Amino acid sequence: MTDARASDSGTPGDVGDPPARDLGAAGEQVPEDARPPADEHARVENQARATAATGPGVLGRMGQARHLGLVVALALLAVVGLVTTPESFATSSNLVSILALASTIGVITVGMTFVIIGGGIDLSVGAVMALASVWATTLATQAYGPVVMAICAILVGTGAGLVSGFLISYGRMVPFIATLAMLVAARGLAQRMSDRRTQLVQPDNSAIVELSTTRVLGLPLLVYIFALVVAIGWLVLNRTTFGRRTYAVGGNPEAARLAGIDVRRHTMTLYALSGLCCGIAAVLIMARTTTGSSTHGDLYELDAIAAVIIGGTLLTGGRGTIIGSILGLLIFTVITNLFILNGLNTSDQLIAKGLIIVIAVLLQRRSLESRT
């Protein structure tokens, strides 16, 4: 029988060299009798593949039921909107506004889904997006044109994610602390670079703004960018080795390590992916607001994490779906829209969101306890 590890050699994220399988977490030699059998790698990936498909049997049915429940909740919110503000909720302009707002946070939510499924959390996404938008809208960067601005935003976001991932993976910092430090540092750097001023996208770089103003079939281009990111995220998570290993690392990192997966490198890559999504979101928010500002993305980490949790992703990692996260995001976005249309205070919105997060976590815990 062909060795399962040999068939995977050469794929991104793999570790095919023997030392990665023979060394322990701190670099010590693993005793010969403690090493996994030859097919352990394939067993871990097969189990992760089953989880990626929403799980066999009862778990699969529960995942489908959760998605159906989210769709029902979204439909009920639409009914509330039609009843409370019938003259404004169902208009095409309002629906486009909902999708445009969801697009910016949604791209971040895709990256957050990968991180949480992998057993981590990223509190810095809003601040990293703000930093990327400020860096891309400096006069020095804008002098090179809109393409360089977009590339700059993406590189800044990815670089910040790599730093967080390195601190967590190789610096052995707790994800909460490492990303909290990145949140503070990125927000402070954005304020210093912009001198706390809003930086306008220059008329010569109107191609950035056209992502929001140009419409195809009635929808702005940024909505299509969001849909493309979601589609790519779904394919990577459910149809690639990288996605299967994300489930494996989040479900049981020690078993994943013994199976030959470089857990530290994979974890760092997950945070880099989250930073990449923040960079793309920075381009979208520059298009929507025509500015780069250190205040962009305030509390976006709350919305992204809440959407992922409501969508059914376990905070402990190892289980979750992109579709669930997007449905959770749409629920949050519609709730925000309903509060605005009905003239309710921002503080009331935050209270409602906090209650929803608590309820979602309690339901998760109850679901886990009922299965055990």
# chains A, B, ... in the order shown; residues from 1 in each chain; ligands from 1

$ residues_around --residues "A:Thr198" --least-positions-apart "3" --cutoff "10 Å" --atoms "only C-alpha atoms" --output "list in words"
Val134, Thr137, Gln191, Ser194, Asp195, Val201, Thr290, Thr291, Gly292, Ser293, Ser294, Thr295 and His296 of chain A

$ write_last_selection --atoms "N, CA, C and O atoms" --output "PDB file, in the first residue's frame"
ATOM      1  N   VAL A 134      -4.982  53.438   5.844  1.00  0.00           N
ATOM      2  CA  VAL A 134      -4.181  54.654   6.023  1.00  0.00           C
ATOM      3  C   VAL A 134      -2.899  54.582   5.207  1.00  0.00           C
ATOM      4  O   VAL A 134      -2.518  55.547   4.517  1.00  0.00           O
ATOM      5  N   THR A 137      -3.485  55.142   1.521  1.00  0.00           N
ATOM      6  CA  THR A 137      -3.975  56.458   1.093  1.00  0.00           C
ATOM      7  C   THR A 137      -3.010  57.584   1.438  1.00  0.00           C
ATOM      8  O   THR A 137      -3.376  58.753   1.317  1.00  0.00           O
ATOM      9  N   GLN A 191      -2.868  55.934  13.585  1.00  0.00           N
ATOM     10  CA  GLN A 191      -3.062  57.303  14.065  1.00  0.00           C
ATOM     11  C   GLN A 191      -1.813  58.143  13.859  1.00  0.00           C
ATOM     12  O   GLN A 191      -1.890  59.330  13.493  1.00  0.00           O
ATOM     13  N   SER A 194      -1.342  58.969  10.026  1.00  0.00           N
ATOM     14  CA  SER A 194      -2.329  59.917   9.495  1.00  0.00           C
ATOM     15  C   SER A 194      -2.436  61.192  10.316  1.00  0.00           C
ATOM     16  O   SER A 194      -3.205  62.095   9.948  1.00  0.00           O
ATOM     17  N   ASP A 195      -1.696  61.245  11.430  1.00  0.00           N
ATOM     18  CA  ASP A 195      -1.801  62.380  12.350  1.00  0.00           C
ATOM     19  C   ASP A 195      -3.249  62.583  12.791  1.00  0.00           C
ATOM     20  O   ASP A 195      -3.715  63.726  12.950  1.00  0.00           O
ATOM     21  N   VAL A 201      -8.993  59.802  -0.868  1.00  0.00           N
ATOM     22  CA  VAL A 201      -8.510  59.186  -2.105  1.00  0.00           C
ATOM     23  C   VAL A 201      -8.501  60.270  -3.176  1.00  0.00           C
ATOM     24  O   VAL A 201      -9.528  60.913  -3.440  1.00  0.00           O
ATOM     25  N   THR A 290     -14.265  56.595   0.286  1.00  0.00           N
ATOM     26  CA  THR A 290     -13.291  57.422  -0.439  1.00  0.00           C
ATOM     27  C   THR A 290     -12.210  57.977   0.483  1.00  0.00           C
ATOM     28  O   THR A 290     -11.605  59.016   0.207  1.00  0.00           O
ATOM     29  N   THR A 291     -11.975  57.285   1.598  1.00  0.00           N
ATOM     30  CA  THR A 291     -10.982  57.762   2.574  1.00  0.00           C
ATOM     31  C   THR A 291     -10.193  56.589   3.151  1.00  0.00           C
ATOM     32  O   THR A 291     -10.596  55.423   3.060  1.00  0.00           O
ATOM     33  N   GLY A 292      -9.077  56.955   3.771  1.00  0.00           N
ATOM     34  CA  GLY A 292      -8.357  56.048   4.649  1.00  0.00           C
ATOM     35  C   GLY A 292      -8.286  56.711   6.004  1.00  0.00           C
ATOM     36  O   GLY A 292      -7.935  57.899   6.105  1.00  0.00           O
ATOM     37  N   SER A 293      -8.631  55.984   7.058  1.00  0.00           N
ATOM     38  CA  SER A 293      -8.726  56.618   8.380  1.00  0.00           C
ATOM     39  C   SER A 293      -8.368  55.627   9.471  1.00  0.00           C
ATOM     40  O   SER A 293      -8.633  54.422   9.357  1.00  0.00           O
ATOM     41  N   SER A 294      -7.777  56.147  10.535  1.00  0.00           N
ATOM     42  CA  SER A 294      -7.433  55.301  11.684  1.00  0.00           C
ATOM     43  C   SER A 294      -8.665  54.872  12.457  1.00  0.00           C
ATOM     44  O   SER A 294      -8.591  54.001  13.329  1.00  0.00           O
ATOM     45  N   THR A 295      -9.821  55.464  12.152  1.00  0.00           N
ATOM     46  CA  THR A 295     -11.059  55.084  12.840  1.00  0.00           C
ATOM     47  C   THR A 295     -11.823  53.994  12.092  1.00  0.00           C
ATOM     48  O   THR A 295     -12.836  53.503  12.590  1.00  0.00           O
ATOM     49  N   HIS A 296     -11.373  53.637  10.900  1.00  0.00           N
ATOM     50  CA  HIS A 296     -12.048  52.574  10.157  1.00  0.00           C
ATOM     51  C   HIS A 296     -11.981  51.263  10.951  1.00  0.00           C
ATOM     52  O   HIS A 296     -11.007  50.976  11.640  1.00  0.00           O
TER      53      HIS A 296
END

$ select_by_dssp --residues "stretch 33-239 of chain A" --states "alpha helix (DSSP H)" --output "PyMOL selection string"
chain A and resi 40-52+57-84+92-117+125-136+139-142+146-169+175-194+206-213+221-239

$ closest_residue --among "A:Gly188, A:Gly157, A:Gly118, A:Gly317" --to "A:Thr267" --atoms "only C-alpha atoms"
A:Gly118

$ closest_atom_pairs --of "stretch 268-334 of chain A" --to "stretch 237-255 of chain A" --cutoff "10 Å" --atoms "only C-alpha atoms" --output "JSON lines"
{"residue": "A:Thr269", "atom": "CA", "partner": "A:Phe242", "partner_atom": "CA", "distance": 9.9}
{"residue": "A:Leu270", "atom": "CA", "partner": "A:Thr246", "partner_atom": "CA", "distance": 8.2}
{"residue": "A:Leu314", "atom": "CA", "partner": "A:Gly250", "partner_atom": "CA", "distance": 9.5}
{"residue": "A:Leu315", "atom": "CA", "partner": "A:Gly250", "partner_atom": "CA", "distance": 9.6}
{"residue": "A:Thr316", "atom": "CA", "partner": "A:Gly250", "partner_atom": "CA", "distance": 7.3}
{"residue": "A:Gly317", "atom": "CA", "partner": "A:Gly250", "partner_atom": "CA", "distance": 4.4}
{"residue": "A:Gly318", "atom": "CA", "partner": "A:Gly251", "partner_atom": "CA", "distance": 3.8}
{"residue": "A:Arg319", "atom": "CA", "partner": "A:Tyr247", "partner_atom": "CA", "distance": 6.5}
{"residue": "A:Gly320", "atom": "CA", "partner": "A:Tyr247", "partner_atom": "CA", "distance": 8.5}
{"residue": "A:Thr321", "atom": "CA", "partner": "A:Leu237", "partner_atom": "CA", "distance": 8.2}
{"residue": "A:Ile322", "atom": "CA", "partner": "A:Leu237", "partner_atom": "CA", "distance": 8.0}

$ closest_residue --among "A:Val125, A:Ile98, A:Val147, A:Ala272" --to "A:Leu162" --atoms "only C-alpha atoms"
A:Ala272

$ residues_around --residues "A:Thr113" --least-positions-apart "3" --cutoff "9 Å" --atoms "only C-alpha atoms" --output "PyMOL selection string"
chain A and resi 108-110+116-118+274+304-305+308-309+313+320-322+325

$ write_last_selection --atoms "N, CA, C and O atoms" --output "PDB file, in the first residue's frame"
ATOM      1  N   ILE A 108     -13.618  40.116   6.016  1.00  0.00           N
ATOM      2  CA  ILE A 108     -12.907  39.866   7.280  1.00  0.00           C
ATOM      3  C   ILE A 108     -13.445  38.609   7.947  1.00  0.00           C
ATOM      4  O   ILE A 108     -12.685  37.819   8.527  1.00  0.00           O
ATOM      5  N   THR A 109     -14.745  38.389   7.861  1.00  0.00           N
ATOM      6  CA  THR A 109     -15.358  37.216   8.483  1.00  0.00           C
ATOM      7  C   THR A 109     -14.845  35.918   7.880  1.00  0.00           C
ATOM      8  O   THR A 109     -14.681  34.915   8.587  1.00  0.00           O
ATOM      9  N   VAL A 110     -14.572  35.917   6.583  1.00  0.00           N
ATOM     10  CA  VAL A 110     -14.016  34.719   5.943  1.00  0.00           C
ATOM     11  C   VAL A 110     -12.673  34.359   6.575  1.00  0.00           C
ATOM     12  O   VAL A 110     -12.420  33.208   6.949  1.00  0.00           O
ATOM     13  N   ILE A 116     -10.591  30.764  13.582  1.00  0.00           N
ATOM     14  CA  ILE A 116     -11.297  30.139  14.702  1.00  0.00           C
ATOM     15  C   ILE A 116     -11.434  28.637  14.489  1.00  0.00           C
ATOM     16  O   ILE A 116     -11.306  27.854  15.441  1.00  0.00           O
ATOM     17  N   ILE A 117     -11.690  28.190  13.271  1.00  0.00           N
ATOM     18  CA  ILE A 117     -11.710  26.748  13.018  1.00  0.00           C
ATOM     19  C   ILE A 117     -10.353  26.147  13.346  1.00  0.00           C
ATOM     20  O   ILE A 117     -10.257  25.021  13.861  1.00  0.00           O
ATOM     21  N   GLY A 118      -9.275  26.891  13.089  1.00  0.00           N
ATOM     22  CA  GLY A 118      -7.932  26.416  13.407  1.00  0.00           C
ATOM     23  C   GLY A 118      -7.573  26.511  14.872  1.00  0.00           C
ATOM     24  O   GLY A 118      -6.426  26.235  15.236  1.00  0.00           O
ATOM     25  N   SER A 274      -5.859  35.696   7.505  1.00  0.00           N
ATOM     26  CA  SER A 274      -6.758  36.674   8.118  1.00  0.00           C
ATOM     27  C   SER A 274      -6.299  38.092   7.792  1.00  0.00           C
ATOM     28  O   SER A 274      -7.116  38.971   7.474  1.00  0.00           O
ATOM     29  N   ALA A 304     -17.320  40.368  13.309  1.00  0.00           N
ATOM     30  CA  ALA A 304     -16.781  39.190  12.632  1.00  0.00           C
ATOM     31  C   ALA A 304     -16.836  37.961  13.533  1.00  0.00           C
ATOM     32  O   ALA A 304     -17.278  36.881  13.121  1.00  0.00           O
ATOM     33  N   ILE A 305     -16.388  38.111  14.777  1.00  0.00           N
ATOM     34  CA  ILE A 305     -16.400  36.976  15.707  1.00  0.00           C
ATOM     35  C   ILE A 305     -17.832  36.543  15.987  1.00  0.00           C
ATOM     36  O   ILE A 305     -18.145  35.341  16.025  1.00  0.00           O
ATOM     37  N   VAL A 308     -19.222  34.553  13.070  1.00  0.00           N
ATOM     38  CA  VAL A 308     -18.657  33.207  13.018  1.00  0.00           C
ATOM     39  C   VAL A 308     -19.301  32.306  14.073  1.00  0.00           C
ATOM     40  O   VAL A 308     -19.642  31.144  13.804  1.00  0.00           O
ATOM     41  N   ILE A 309     -19.487  32.836  15.274  1.00  0.00           N
ATOM     42  CA  ILE A 309     -20.083  32.047  16.357  1.00  0.00           C
ATOM     43  C   ILE A 309     -21.532  31.716  16.034  1.00  0.00           C
ATOM     44  O   ILE A 309     -21.978  30.572  16.175  1.00  0.00           O
ATOM     45  N   THR A 313     -19.576  27.946  14.144  1.00  0.00           N
ATOM     46  CA  THR A 313     -18.180  27.587  14.341  1.00  0.00           C
ATOM     47  C   THR A 313     -17.874  27.523  15.832  1.00  0.00           C
ATOM     48  O   THR A 313     -18.206  28.452  16.582  1.00  0.00           O
ATOM     49  N   GLY A 320     -16.815  24.118  11.779  1.00  0.00           N
ATOM     50  CA  GLY A 320     -17.393  25.373  11.319  1.00  0.00           C
ATOM     51  C   GLY A 320     -17.495  25.381   9.806  1.00  0.00           C
ATOM     52  O   GLY A 320     -16.933  24.529   9.129  1.00  0.00           O
ATOM     53  N   THR A 321     -18.227  26.353   9.279  1.00  0.00           N
ATOM     54  CA  THR A 321     -18.419  26.461   7.836  1.00  0.00           C
ATOM     55  C   THR A 321     -18.397  27.920   7.413  1.00  0.00           C
ATOM     56  O   THR A 321     -18.773  28.816   8.183  1.00  0.00           O
ATOM     57  N   ILE A 322     -17.963  28.162   6.190  1.00  0.00           N
ATOM     58  CA  ILE A 322     -17.991  29.505   5.627  1.00  0.00           C
ATOM     59  C   ILE A 322     -19.435  29.964   5.428  1.00  0.00           C
ATOM     60  O   ILE A 322     -19.786  31.112   5.733  1.00  0.00           O
ATOM     61  N   SER A 325     -21.009  31.159   8.612  1.00  0.00           N
ATOM     62  CA  SER A 325     -20.488  32.464   9.023  1.00  0.00           C
ATOM     63  C   SER A 325     -21.122  33.594   8.215  1.00  0.00           C
ATOM     64  O   SER A 325     -21.449  34.656   8.761  1.00  0.00           O
TER      65      SER A 325
END

$ atom_distance --atom1 "atom CA of A:Gly324" --atom2 "atom CA of A:Ala259"
28.8 Å

$ select_by_dssp --residues "stretch 104-312 of chain A" --states "strand (DSSP E)" --output "PyMOL selection string"
chain A and resi 199-200+215-216+219-220+291-292

$ write_last_selection --atoms "N, CA and C atoms" --output "compact mmCIF listing (two decimals), in the first residue's frame"
# COMPACT_ATOMS: atom_id res chain seq x y z
N GLN A 199 -7.65 60.74 5.44
CA GLN A 199 -6.92 60.91 4.19
C GLN A 199 -7.84 60.58 3.02
N LEU A 200 -8.01 61.53 2.11
CA LEU A 200 -8.92 61.35 0.98
C LEU A 200 -8.23 60.63 -0.17
N ARG A 215 -21.83 49.73 -11.07
CA ARG A 215 -22.77 48.64 -10.77
C ARG A 215 -22.92 47.71 -11.97
N VAL A 216 -23.01 46.45 -11.66
CA VAL A 216 -23.27 45.40 -12.65
C VAL A 216 -24.50 44.64 -12.19
N LEU A 219 -25.78 45.79 -8.78
CA LEU A 219 -24.96 45.64 -7.59
C LEU A 219 -23.58 46.24 -7.81
N PRO A 220 -23.02 46.93 -6.79
CA PRO A 220 -21.67 47.49 -6.94
C PRO A 220 -20.62 46.39 -7.04
N THR A 291 -11.97 57.29 1.60
CA THR A 291 -10.98 57.76 2.57
C THR A 291 -10.19 56.59 3.15
N GLY A 292 -9.08 56.95 3.77
CA GLY A 292 -8.36 56.05 4.65
C GLY A 292 -8.29 56.71 6.00

$ closest_residue --among "A:Pro175, A:Gly343, A:Gly297, A:Gly159" --to "A:Ile105" --atoms "only C-alpha atoms"
A:Gly297

$ residues_around --residues "stretch 76-91 of chain A" --least-positions-apart "4" --cutoff "9 Å" --atoms "only C-alpha atoms" --output "number ranges by chain"
A: 71-72, 95-96, 331, 334-335, 337-338, 341-342

$ residues_around --residues "stretch 357-363 of chain A" --least-positions-apart "5" --cutoff "10 Å" --atoms "only C-alpha atoms" --output "PyMOL selection string"
chain A and resi 302-303+305-307+309-312+314-315+352+368-369

$ atom_distance --atom1 "atom CA of A:Asp204" --atom2 "atom CA of A:Ile280"
20.5 Å

$ atom_distance --atom1 "atom CA of A:Glu210" --atom2 "atom CA of A:Phe226"
15.1 Å

$ closest_residue --among "A:Leu329, A:Ser169, A:Ile285, A:Ala73" --to "A:Ser212" --atoms "only C-alpha atoms"
A:Ile285

$ closest_residue --among "A:Ala127, A:Val115, A:Ala256, A:Ile168" --to "A:Leu273" --atoms "only C-alpha atoms"
A:Val115

$ decode --residues "stretch 241-254 of chain A" --atoms "all heavy atoms" --output "JSON list (two decimals), in the first residue's frame"
[["chain", "number", "residue", "atom", "x", "y", "z"],
["A", 241, "THR", "N", -6.20, 20.32, 0.70],
["A", 241, "THR", "CA", -5.47, 19.77, 1.84],
["A", 241, "THR", "C", -5.32, 20.82, 2.94],
["A", 241, "THR", "O", -5.40, 20.49, 4.13],
["A", 241, "THR", "CB", -4.07, 19.31, 1.38],
["A", 241, "THR", "OG1", -4.22, 18.28, 0.41],
["A", 241, "THR", "CG2", -3.27, 18.76, 2.56],
["A", 242, "PHE", "N", -5.12, 22.08, 2.54],
["A", 242, "PHE", "CA", -4.98, 23.14, 3.54],
["A", 242, "PHE", "C", -6.22, 23.23, 4.42],
["A", 242, "PHE", "O", -6.12, 23.37, 5.64],
["A", 242, "PHE", "CB", -4.73, 24.48, 2.84],
["A", 242, "PHE", "CG", -4.54, 25.64, 3.77],
["A", 242, "PHE", "CD1", -3.29, 25.91, 4.29],
["A", 242, "PHE", "CD2", -5.61, 26.45, 4.14],
["A", 242, "PHE", "CE1", -3.11, 26.98, 5.17],
["A", 242, "PHE", "CE2", -5.44, 27.50, 5.01],
["A", 242, "PHE", "CZ", -4.18, 27.77, 5.52],
["A", 243, "GLY", "N", -7.40, 23.15, 3.81],
["A", 243, "GLY", "CA", -8.64, 23.22, 4.58],
["A", 243, "GLY", "C", -8.79, 22.04, 5.52],
["A", 243, "GLY", "O", -9.16, 22.20, 6.69],
["A", 244, "ARG", "N", -8.48, 20.83, 5.03],
["A", 244, "ARG", "CA", -8.60, 19.65, 5.89],
["A", 244, "ARG", "C", -7.64, 19.74, 7.08],
["A", 244, "ARG", "O", -7.99, 19.34, 8.19],
["A", 244, "ARG", "CB", -8.32, 18.38, 5.07],
["A", 244, "ARG", "CG", -9.36, 18.09, 3.99],
["A", 244, "ARG", "CD", -9.22, 16.70, 3.44],
["A", 244, "ARG", "NE", -7.97, 16.50, 2.74],
["A", 244, "ARG", "CZ", -7.79, 16.73, 1.44],
["A", 244, "ARG", "NH1", -8.79, 17.23, 0.73],
["A", 244, "ARG", "NH2", -6.63, 16.51, 0.87],
["A", 245, "ARG", "N", -6.47, 20.28, 6.83],
["A", 245, "ARG", "CA", -5.50, 20.39, 7.92],
["A", 245, "ARG", "C", -5.89, 21.49, 8.91],
["A", 245, "ARG", "O", -5.54, 21.43, 10.08],
["A", 245, "ARG", "CB", -4.11, 20.63, 7.34],
["A", 245, "ARG", "CG", -3.64, 19.41, 6.59],
["A", 245, "ARG", "CD", -2.23, 19.53, 6.07],
["A", 245, "ARG", "NE", -1.86, 18.29, 5.40],
["A", 245, "ARG", "CZ", -0.67, 18.04, 4.91],
["A", 245, "ARG", "NH1", 0.28, 18.95, 5.00],
["A", 245, "ARG", "NH2", -0.43, 16.89, 4.32],
["A", 246, "THR", "N", -6.63, 22.49, 8.42],
["A", 246, "THR", "CA", -7.14, 23.51, 9.34],
["A", 246, "THR", "C", -8.10, 22.88, 10.34],
["A", 246, "THR", "O", -8.03, 23.16, 11.54],
["A", 246, "THR", "CB", -7.86, 24.62, 8.55],
["A", 246, "THR", "OG1", -6.93, 25.24, 7.64],
["A", 246, "THR", "CG2", -8.42, 25.68, 9.48],
["A", 247, "TYR", "N", -9.00, 22.02, 9.86],
["A", 247, "TYR", "CA", -9.90, 21.31, 10.77],
["A", 247, "TYR", "C", -9.12, 20.41, 11.72],
["A", 247, "TYR", "O", -9.43, 20.31, 12.91],
["A", 247, "TYR", "CB", -10.90, 20.46, 9.98],
["A", 247, "TYR", "CG", -12.03, 21.24, 9.36],
["A", 247, "TYR", "CD1", -12.06, 21.51, 7.99],
["A", 247, "TYR", "CD2", -13.08, 21.71, 10.13],
["A", 247, "TYR", "CE1", -13.09, 22.22, 7.41],
["A", 247, "TYR", "CE2", -14.13, 22.42, 9.57],
["A", 247, "TYR", "CZ", -14.13, 22.68, 8.21],
["A", 247, "TYR", "OH", -15.16, 23.40, 7.65],
["A", 248, "ALA", "N", -8.09, 19.73, 11.19],
["A", 248, "ALA", "CA", -7.31, 18.81, 12.02],
["A", 248, "ALA", "C", -6.56, 19.56, 13.11],
["A", 248, "ALA", "O", -6.54, 19.14, 14.28],
["A", 248, "ALA", "CB", -6.33, 18.03, 11.14],
["A", 249, "VAL", "N", -5.94, 20.70, 12.76],
["A", 249, "VAL", "CA", -5.19, 21.48, 13.74],
["A", 249, "VAL", "C", -6.12, 22.04, 14.81],
["A", 249, "VAL", "O", -5.80, 22.04, 16.00],
["A", 249, "VAL", "CB", -4.42, 22.62, 13.03],
["A", 249, "VAL", "CG1", -3.85, 23.60, 14.05],
["A", 249, "VAL", "CG2", -3.29, 22.04, 12.19],
["A", 250, "GLY", "N", -7.29, 22.52, 14.40],
["A", 250, "GLY", "CA", -8.23, 23.06, 15.37],
["A", 250, "GLY", "C", -8.87, 22.00, 16.24],
["A", 250, "GLY", "O", -9.15, 22.24, 17.41],
["A", 251, "GLY", "N", -9.09, 20.80, 15.67],
["A", 251, "GLY", "CA", -9.74, 19.73, 16.44],
["A", 251, "GLY", "C", -8.82, 19.10, 17.45],
["A", 251, "GLY", "O", -9.21, 18.86, 18.60],
["A", 252, "ASN", "N", -7.58, 18.83, 17.06],
["A", 252, "ASN", "CA", -6.61, 18.19, 17.96],
["A", 252, "ASN", "C", -5.21, 18.50, 17.45],
["A", 252, "ASN", "O", -4.66, 17.75, 16.65],
["A", 252, "ASN", "CB", -6.85, 16.69, 18.03],
["A", 252, "ASN", "CG", -6.07, 16.02, 19.16],
["A", 252, "ASN", "OD1", -5.00, 16.50, 19.54],
["A", 252, "ASN", "ND2", -6.61, 14.95, 19.69],
["A", 253, "PRO", "N", -4.60, 19.60, 17.91],
["A", 253, "PRO", "CA", -3.30, 19.99, 17.39],
["A", 253, "PRO", "C", -2.21, 18.96, 17.65],
["A", 253, "PRO", "O", -1.30, 18.80, 16.83],
["A", 253, "PRO", "CB", -3.01, 21.32, 18.10],
["A", 253, "PRO", "CG", -3.93, 21.35, 19.27],
["A", 253, "PRO", "CD", -5.13, 20.56, 18.88],
["A", 254, "GLU", "N", -2.27, 18.26, 18.79],
["A", 254, "GLU", "CA", -1.24, 17.27, 19.09],
["A", 254, "GLU", "C", -1.32, 16.09, 18.14],
["A", 254, "GLU", "O", -0.30, 15.60, 17.64],
["A", 254, "GLU", "CB", -1.39, 16.80, 20.54],
["A", 254, "GLU", "CG", -0.34, 15.78, 20.98],
["A", 254, "GLU", "CD", 1.07, 16.35, 20.94],
["A", 254, "GLU", "OE1", 1.23, 17.58, 20.88],
["A", 254, "GLU", "OE2", 2.03, 15.54, 20.95]]
